[in-house]
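Student: Sharing coords-v4.txt here; it has compact mmCIF, C-alpha atoms and all ligand atoms.
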```
# COMPACT_ATOMS: atom_id res chain seq x y z
CA MET O 1 0.00 0.00 0.00
CA LYS O 2 1.35 3.40 -0.99
CA ILE O 3 0.50 6.66 0.77
CA LEU O 4 0.11 9.86 -1.17
CA ALA O 5 -0.54 13.38 0.08
CA THR O 6 -2.04 15.69 -2.49
CA ASP O 7 -2.53 19.42 -2.43
CA LEU O 8 -6.00 20.73 -3.34
CA ASP O 9 -6.05 24.27 -4.83
CA GLY O 10 -4.20 24.28 -8.14
CA THR O 11 -3.61 20.52 -8.01
CA LEU O 12 -7.01 18.78 -7.85
CA TYR O 13 -9.13 21.84 -8.61
CA LEU O 14 -8.99 25.47 -9.56
CA ASP O 15 -11.50 27.58 -7.69
CA THR O 16 -14.65 25.44 -7.82
CA VAL O 17 -13.81 23.30 -10.87
CA LEU O 18 -11.93 19.98 -10.97
CA ILE O 19 -8.87 20.02 -13.23
CA ASP O 20 -9.42 17.91 -16.38
CA GLY O 21 -8.87 14.20 -15.80
CA VAL O 22 -8.58 14.47 -12.00
CA LYS O 23 -11.73 12.49 -11.27
CA SER O 24 -10.63 9.37 -13.11
CA ALA O 25 -7.01 9.72 -11.93
CA TYR O 26 -8.26 9.95 -8.34
CA ASN O 27 -10.48 6.90 -8.88
CA SER O 28 -7.63 4.83 -10.21
CA LEU O 29 -5.54 5.67 -7.13
CA ILE O 30 -8.36 4.37 -4.92
CA LEU O 31 -8.78 1.26 -7.07
CA ASN O 32 -5.05 0.62 -6.74
CA ASN O 33 -5.19 0.78 -2.93
CA PHE O 34 -3.48 4.09 -2.45
CA THR O 35 -4.17 5.83 0.85
CA LEU O 36 -4.71 9.52 0.25
CA PHE O 37 -4.22 12.56 2.44
CA HIS O 38 -5.53 15.93 1.37
CA THR O 39 -3.02 18.55 2.43
CA THR O 40 -3.76 22.23 2.12
CA ASN O 41 -2.56 25.57 3.46
CA ASN O 42 -6.12 26.88 3.25
CA SER O 43 -6.89 28.10 6.75
CA SER O 44 -9.93 30.21 5.95
CA GLN O 45 -12.27 27.22 5.51
CA SER O 46 -13.13 24.50 8.01
CA THR O 47 -12.22 20.88 7.25
CA ASP O 48 -15.98 20.14 7.06
CA LEU O 49 -16.40 22.68 4.30
CA ILE O 50 -13.34 21.46 2.39
CA CYS O 51 -14.52 17.86 2.81
CA SER O 52 -17.96 18.52 1.38
CA LYS O 53 -16.47 20.47 -1.52
CA LEU O 54 -14.22 17.50 -2.36
CA GLN O 55 -17.07 14.99 -1.96
CA ASN O 56 -19.23 17.01 -4.32
CA LEU O 57 -16.51 17.48 -6.91
CA LEU O 58 -15.31 13.85 -6.86
CA ASN O 59 -18.72 12.38 -6.18
CA MET O 60 -17.42 10.00 -3.52
CA ASP O 61 -17.07 9.74 0.25
CA ILE O 62 -13.98 11.37 1.69
CA ASP O 63 -12.71 10.64 5.20
CA ILE O 64 -12.61 14.01 6.96
CA SER O 65 -9.54 12.99 8.97
CA SER O 66 -7.61 12.80 5.69
CA ILE O 67 -7.91 16.57 5.30
CA ILE O 68 -5.03 18.34 7.01
CA THR O 69 -5.11 22.13 7.19
CA PRO O 70 -3.10 24.59 9.31
CA LEU O 71 -6.11 24.66 11.66
CA THR O 72 -5.75 20.87 12.14
CA ILE O 73 -2.11 21.42 13.03
CA LEU O 74 -3.03 24.25 15.39
CA GLU O 75 -5.69 22.18 17.17
CA ASN O 76 -3.15 19.40 17.61
CA PHE O 77 -0.46 21.84 18.79
CA LEU O 78 -2.77 23.26 21.49
CA ILE O 79 -3.68 19.89 23.04
CA ASN O 80 -2.75 19.88 26.77
CA LYS O 81 -1.66 23.51 26.65
CA ASN O 82 -3.35 26.36 28.48
CA ASN O 83 -2.54 29.26 26.24
CA SER O 84 -4.26 32.63 26.22
CA ILE O 85 -4.29 33.41 22.55
CA TYR O 86 -4.52 36.71 20.73
CA VAL O 87 -5.74 36.11 17.17
CA PHE O 88 -4.99 38.41 14.27
CA GLY O 89 -7.22 37.04 11.52
CA SER O 90 -10.66 36.73 9.99
CA SER O 91 -13.76 36.25 12.15
CA GLU O 92 -13.95 32.60 10.94
CA VAL O 93 -10.45 31.93 12.23
CA LYS O 94 -11.16 33.79 15.49
CA ASN O 95 -14.29 31.67 16.02
CA PHE O 96 -12.47 28.45 15.31
CA ILE O 97 -9.67 29.24 17.75
CA SER O 98 -12.03 30.48 20.49
CA ASN O 99 -13.77 27.09 20.31
CA ILE O 100 -10.60 25.13 20.97
CA SER O 101 -8.72 27.46 23.34
CA ASP O 102 -8.92 30.59 25.46
CA THR O 103 -8.68 33.72 23.39
CA VAL O 104 -8.16 37.24 24.64
CA SER O 105 -8.81 40.58 22.98
CA ASP O 106 -6.07 42.42 24.87
CA ILE O 107 -2.67 41.56 23.48
CA ASN O 108 -1.06 42.35 26.84
CA ASN O 109 -2.92 39.40 28.40
CA CYS O 110 -1.84 36.76 25.89
CA ASP O 111 1.03 34.29 25.85
CA LEU O 112 0.61 33.26 22.22
CA ILE O 113 -0.22 35.26 19.10
CA ILE O 114 -1.67 33.56 16.02
CA ILE O 115 -1.40 35.38 12.69
CA GLY O 116 -3.99 34.65 10.02
CA ARG O 117 -4.98 36.28 6.78
CA VAL O 118 -7.20 39.34 6.61
CA ASP O 119 -8.16 41.31 3.51
CA SER O 120 -6.91 44.70 4.68
CA PRO O 121 -4.41 44.30 7.50
CA SER O 122 -4.11 47.15 9.99
CA TYR O 123 -0.42 47.98 10.18
CA GLU O 124 -1.04 49.80 13.44
CA LYS O 125 -2.21 46.50 14.98
CA LEU O 126 0.66 44.60 13.38
CA ASP O 127 3.15 47.06 14.86
CA ILE O 128 1.68 46.40 18.32
CA ILE O 129 2.06 42.66 17.66
CA CYS O 130 5.70 43.19 16.67
CA GLU O 131 6.37 45.02 19.94
CA ALA O 132 4.82 42.13 21.91
CA ILE O 133 7.02 39.64 20.04
CA LYS O 134 10.10 41.73 20.77
CA SER O 135 9.13 41.60 24.46
CA GLY O 136 9.10 37.81 24.32
CA THR O 137 5.53 36.76 23.38
CA LYS O 138 5.46 33.69 21.12
CA CYS O 139 3.89 34.17 17.70
CA ILE O 140 2.91 31.59 15.07
CA THR O 141 1.54 32.16 11.59
CA LEU O 142 -1.11 29.91 10.01
CA ASN O 143 0.92 29.74 6.82
CA LYS O 144 3.47 31.66 4.77
CA ASP O 145 1.64 31.67 1.43
CA LEU O 146 2.53 34.89 -0.32
CA THR O 147 -0.63 34.78 -2.42
CA TYR O 148 -4.17 33.60 -1.92
CA PRO O 149 -6.24 32.38 -4.88
CA ILE O 150 -9.70 33.94 -5.06
CA SER O 151 -10.58 32.61 -8.51
CA LYS O 152 -9.05 30.72 -11.41
CA THR O 153 -7.04 33.73 -12.50
CA GLU O 154 -7.02 36.13 -9.57
CA LEU O 155 -4.74 36.22 -6.57
CA LYS O 156 -4.83 38.37 -3.46
CA PRO O 157 -2.02 39.01 -1.01
CA GLY O 158 -1.78 36.00 1.31
CA ASN O 159 -0.99 35.40 4.94
CA GLY O 160 2.68 35.18 4.05
CA GLN O 161 2.86 38.87 3.27
CA ILE O 162 1.55 39.69 6.74
CA ALA O 163 3.98 37.19 8.26
CA LYS O 164 6.85 38.72 6.28
CA TYR O 165 6.01 42.19 7.57
CA VAL O 166 5.92 40.92 11.17
CA GLU O 167 9.16 38.99 10.72
CA SER O 168 11.04 41.96 9.35
CA LYS O 169 9.70 44.42 11.94
CA SER O 170 10.21 42.11 14.91
CA SER O 171 13.49 40.64 13.58
CA GLN O 172 12.21 37.12 14.31
CA ILE O 173 11.41 34.15 12.13
CA LEU O 174 7.86 32.96 12.81
CA ASP O 175 6.99 29.28 13.09
CA SER O 176 4.38 28.33 10.52
CA LEU O 177 1.49 25.88 10.84
CA GLY O 178 1.46 25.50 7.05
CA LYS O 179 2.98 22.76 4.94
CA GLU O 180 6.35 24.51 4.80
CA GLY O 181 6.69 24.46 8.61
CA HIS O 182 8.13 21.69 10.78
CA LEU O 183 4.90 21.35 12.83
CA TYR O 184 3.02 20.19 9.73
CA SER O 185 5.57 17.47 8.97
CA GLN O 186 5.70 16.52 12.65
CA TYR O 187 1.95 15.78 12.54
CA PHE O 188 2.70 12.91 10.13
CA PHE O 189 5.82 11.72 11.98
CA ASP O 190 3.87 11.57 15.27
CA ARG O 191 1.33 9.24 13.67
CA ASN O 192 3.94 7.09 11.98
CA ILE O 193 2.51 8.00 8.60
CA LYS O 194 5.25 7.50 6.03
CA LEU O 195 4.26 9.40 2.91
CA ASP O 196 5.51 7.91 -0.36
CA TYR O 197 4.50 10.85 -2.55
CA VAL O 198 3.65 14.49 -1.94
CA VAL O 199 2.03 16.24 -4.89
CA GLY O 200 1.39 19.93 -5.31
CA ASP O 201 1.67 23.01 -7.48
CA ARG O 202 3.86 25.15 -5.25
CA VAL O 203 7.53 24.78 -4.53
CA ASP O 204 7.51 27.00 -1.42
CA THR O 205 4.92 24.81 0.32
CA ASP O 206 4.25 21.44 -1.34
CA ILE O 207 7.74 20.56 -2.48
CA ILE O 208 9.34 21.74 0.76
CA PHE O 209 6.81 19.63 2.69
CA GLY O 210 7.49 16.58 0.50
CA ASN O 211 11.23 16.95 0.97
CA ASN O 212 10.86 17.51 4.74
CA VAL O 213 8.96 14.24 5.20
CA GLY O 214 11.27 12.27 2.93
CA ALA O 215 8.61 11.57 0.31
CA LYS O 216 9.04 11.78 -3.44
CA SER O 217 8.08 15.40 -4.15
CA ILE O 218 6.01 15.90 -7.28
CA LEU O 219 5.49 19.35 -8.76
CA VAL O 220 2.49 19.74 -11.06
CA GLU O 221 2.24 22.71 -13.35
CA SER O 222 -1.55 23.06 -13.47
CA SER O 223 -1.74 26.42 -11.78
CA ILE O 224 -0.34 29.84 -12.02
CA GLU O 225 2.95 30.32 -10.29
CA ASN O 226 5.84 29.05 -8.28
CA HIS O 227 7.91 31.13 -5.94
CA MET O 228 11.19 29.28 -5.94
CA SER O 229 13.46 27.31 -8.16
CA THR O 230 11.64 24.18 -9.35
CA THR O 231 14.84 22.11 -9.28
CA ILE O 232 14.24 21.00 -5.67
CA ALA O 233 11.24 18.91 -6.79
CA ASP O 234 12.03 15.24 -7.38
CA GLU O 235 9.80 15.11 -10.46
CA ARG O 236 7.68 17.48 -12.52
CA PHE O 237 4.47 16.77 -14.40
CA LYS O 238 1.99 18.78 -16.45
CA ASP O 239 -0.82 17.96 -14.04
CA PHE O 240 -2.11 15.49 -11.45
CA PRO O 241 -3.54 13.00 -14.02
CA SER O 242 -0.26 12.74 -15.91
CA PHE O 243 1.59 12.07 -12.65
CA VAL O 244 -0.95 9.38 -11.68
CA SER O 245 -0.55 7.68 -15.10
CA SER O 246 3.18 7.48 -14.45
CA ILE O 247 2.78 5.47 -11.23
CA ILE O 248 -0.18 3.23 -12.14
MG MG J 1 -1.88 24.60 -4.38
```
Re-express the file's structure as structure tokens.
Tutor:
Amino acid sequence: MKILATDLDGTLYLDTVLIDGVKSAYNSLILNNFTLFHTTNNSSQSTDLICSKLQNLLNMDIDISSIITPLTILENFLINKNNSIYVFGSSEVKNFISNISDTVSDINNCDLIIIGRVDSPSYEKLDIICEAIKSGTKCITLNKDLTYPISKTELKPGNGQIAKYVESKSSQILDSLGKEGHLYSQYFFDRNIKLDYVVGDRVDTDIIFGNNVGAKSILVESSIENHMSTTIADERFKDFPSFVSSII
């Protein structure tokens, strides 16, 4: 039995549409006894929402525990900890975190800051966060994606741009809960899940993740951009279906 972790946005689908050939490629992986994990840096949607989107697109049952987002990693990270968390992020992210931990609205009363994506970040608030970090408060970002896809062809600034600002102003490197961070890989190590393949469309997240967990890292070129040299990928394919044909 082989285990494969696949990215979602830009790899299985673009926006709300499956990439050509993905449905039958996905089916043949299942028929050939592959175990699949769905790995994404999307932290603005719950795993329930992502799961039902996948089920609808692929027209099959998907095990929700196979969907690993930065929020999954965060929930796991917070187990048996009693943090008071200050959240910089959307109301969805704030709600999610307040359901799994104590959150505070006064940054002076927190011992952990979580950075998530917002459409129009307040630099005044970010500067206050940077001061808190400089005074020793721990800060983690949900991911370091520089861009955020809002449709097939449009991108918005991502969480990574906020994280970059905070890193440069506070002179500290933030831990990330995204695929590029060590906590994401650790989630698989802790469960003794040995990934054979990691597939995705971005070098700065998917390929780094694949290399970190010692899997064969597969770059697919079905989406818009890559932010780093593609030479660190073990193999490159036009899209997910052509990769699947190469292993089945
Ligand atoms: Mg992607």
Student: Using all atoms listed in the file, determine which residues lie at most 10 Å from Asn108 (chain O), disregarding the query and same-chain residues fewer than 5 positions distant; provide the list as JSON, numbers by chain.
Tutor: {"O": [86, 128, 129, 132, 137]}
Student: Near Glu75 (chain O), within 12 Å and counting all atoms listed in the file, which residues show up once chain neighbours fewer than 3 positions away are dropped, as a list in words?
Tutor: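 Returned residues: Thr47, Ile68, Thr69, Pro70, Leu71, Thr72, Leu78, Ile79, Asn80, Lys81, Asn83, Val93, Phe96, Ile97, Ser98, Asn99, Ile100, Ser101, Leu142, Leu177, Leu183, Tyr184 and Tyr187 of chain O.
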Student: Enumerate as a list of chain:residue names the residues within 9 Å of ligand MG 1 (chain J), counting all atoms listed in the file.
Tutor: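 Based on all atoms listed in the file, ligand MG 1 (chain J) is surrounded within 9 Å by O:Asp7, O:Leu8, O:Asp9, O:Gly10, O:Thr11, O:Leu12, O:Tyr13, O:Leu14, O:Thr40, O:Asn41, O:Pro149, O:Gly200, O:Asp201, O:Arg202, O:Thr205, O:Asp206, O:Ser223.
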Student: How many Å lie between CA of Pro157 (chain O) and CA of Leu4 (chain O), rounded to one decimal?
Tutor: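 Those two atoms sit 29.2 Å apart.
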Student: Which is closest to Val199 (chain O) among O:Gln45, O:Thr35, O:Thr6, O:Gln186, if we use only C-alpha atoms?
Tutor: O:Thr6
Student: Missing atoms in region 21-43 of chain O: can you complete it with N, CA and C atoms, as a PDB file, in the coordinates of the input?
Tutor:
```pdb
ATOM      1  N   GLY O  21      -9.466  15.530 -16.000  1.00  0.00           N
ATOM      2  CA  GLY O  21      -8.870  14.200 -15.800  1.00  0.00           C
ATOM      3  C   GLY O  21      -8.645  13.818 -14.348  1.00  0.00           C
ATOM      4  N   VAL O  22      -8.876  14.760 -13.412  1.00  0.00           N
ATOM      5  CA  VAL O  22      -8.580  14.470 -12.000  1.00  0.00           C
ATOM      6  C   VAL O  22      -9.504  13.398 -11.442  1.00  0.00           C
ATOM      7  N   LYS O  23     -10.772  13.438 -11.839  1.00  0.00           N
ATOM      8  CA  LYS O  23     -11.730  12.490 -11.270  1.00  0.00           C
ATOM      9  C   LYS O  23     -11.308  11.041 -11.560  1.00  0.00           C
ATOM     10  N   SER O  24     -10.963  10.759 -12.818  1.00  0.00           N
ATOM     11  CA  SER O  24     -10.630   9.370 -13.110  1.00  0.00           C
ATOM     12  C   SER O  24      -9.238   9.017 -12.568  1.00  0.00           C
ATOM     13  N   ALA O  25      -8.323   9.990 -12.533  1.00  0.00           N
ATOM     14  CA  ALA O  25      -7.010   9.720 -11.930  1.00  0.00           C
ATOM     15  C   ALA O  25      -7.175   9.392 -10.449  1.00  0.00           C
ATOM     16  N   TYR O  26      -8.013  10.151  -9.782  1.00  0.00           N
ATOM     17  CA  TYR O  26      -8.260   9.950  -8.340  1.00  0.00           C
ATOM     18  C   TYR O  26      -8.857   8.567  -8.118  1.00  0.00           C
ATOM     19  N   ASN O  27      -9.853   8.221  -8.975  1.00  0.00           N
ATOM     20  CA  ASN O  27     -10.480   6.900  -8.880  1.00  0.00           C
ATOM     21  C   ASN O  27      -9.484   5.781  -9.048  1.00  0.00           C
ATOM     22  N   SER O  28      -8.561   5.938  -9.991  1.00  0.00           N
ATOM     23  CA  SER O  28      -7.630   4.830 -10.210  1.00  0.00           C
ATOM     24  C   SER O  28      -6.661   4.689  -9.037  1.00  0.00           C
ATOM     25  N   LEU O  29      -6.366   5.790  -8.344  1.00  0.00           N
ATOM     26  CA  LEU O  29      -5.540   5.670  -7.130  1.00  0.00           C
ATOM     27  C   LEU O  29      -6.276   4.841  -6.079  1.00  0.00           C
ATOM     28  N   ILE O  30      -7.564   5.112  -5.911  1.00  0.00           N
ATOM     29  CA  ILE O  30      -8.360   4.370  -4.920  1.00  0.00           C
ATOM     30  C   ILE O  30      -8.431   2.892  -5.314  1.00  0.00           C
ATOM     31  N   LEU O  31      -8.687   2.643  -6.598  1.00  0.00           N
ATOM     32  CA  LEU O  31      -8.780   1.260  -7.070  1.00  0.00           C
ATOM     33  C   LEU O  31      -7.467   0.508  -6.889  1.00  0.00           C
ATOM     34  N   ASN O  32      -6.363   1.240  -6.911  1.00  0.00           N
ATOM     35  CA  ASN O  32      -5.050   0.620  -6.740  1.00  0.00           C
ATOM     36  C   ASN O  32      -4.538   0.683  -5.306  1.00  0.00           C
ATOM     37  N   ASN O  33      -5.498   0.847  -4.368  1.00  0.00           N
ATOM     38  CA  ASN O  33      -5.190   0.780  -2.930  1.00  0.00           C
ATOM     39  C   ASN O  33      -4.262   1.840  -2.392  1.00  0.00           C
ATOM     40  N   PHE O  34      -4.238   2.989  -3.035  1.00  0.00           N
ATOM     41  CA  PHE O  34      -3.480   4.090  -2.450  1.00  0.00           C
ATOM     42  C   PHE O  34      -4.266   4.678  -1.284  1.00  0.00           C
ATOM     43  N   THR O  35      -3.545   5.054  -0.222  1.00  0.00           N
ATOM     44  CA  THR O  35      -4.170   5.830   0.850  1.00  0.00           C
ATOM     45  C   THR O  35      -3.876   7.293   0.565  1.00  0.00           C
ATOM     46  N   LEU O  36      -4.904   8.112   0.603  1.00  0.00           N
ATOM     47  CA  LEU O  36      -4.710   9.520   0.250  1.00  0.00           C
ATOM     48  C   LEU O  36      -4.915  10.462   1.429  1.00  0.00           C
ATOM     49  N   PHE O  37      -4.013  11.426   1.533  1.00  0.00           N
ATOM     50  CA  PHE O  37      -4.220  12.560   2.440  1.00  0.00           C
ATOM     51  C   PHE O  37      -4.393  13.806   1.594  1.00  0.00           C
ATOM     52  N   HIS O  38      -5.254  14.697   2.089  1.00  0.00           N
ATOM     53  CA  HIS O  38      -5.530  15.930   1.370  1.00  0.00           C
ATOM     54  C   HIS O  38      -4.906  17.059   2.172  1.00  0.00           C
ATOM     55  N   THR O  39      -3.812  17.598   1.653  1.00  0.00           N
ATOM     56  CA  THR O  39      -3.020  18.550   2.430  1.00  0.00           C
ATOM     57  C   THR O  39      -3.146  19.942   1.815  1.00  0.00           C
ATOM     58  N   THR O  40      -3.527  20.883   2.642  1.00  0.00           N
ATOM     59  CA  THR O  40      -3.760  22.230   2.120  1.00  0.00           C
ATOM     60  C   THR O  40      -3.312  23.290   3.115  1.00  0.00           C
ATOM     61  N   ASN O  41      -2.892  24.425   2.597  1.00  0.00           N
ATOM     62  CA  ASN O  41      -2.560  25.570   3.460  1.00  0.00           C
ATOM     63  C   ASN O  41      -3.759  26.486   3.622  1.00  0.00           C
ATOM     64  N   ASN O  42      -4.906  26.076   3.109  1.00  0.00           N
ATOM     65  CA  ASN O  42      -6.120  26.880   3.250  1.00  0.00           C
ATOM     66  C   ASN O  42      -6.545  26.873   4.715  1.00  0.00           C
ATOM     67  N   SER O  43      -6.487  28.042   5.339  1.00  0.00           N
ATOM     68  CA  SER O  43      -6.890  28.100   6.750  1.00  0.00           C
ATOM     69  C   SER O  43      -8.119  28.981   6.924  1.00  0.00           C
TER      70      SER O  43
END
```
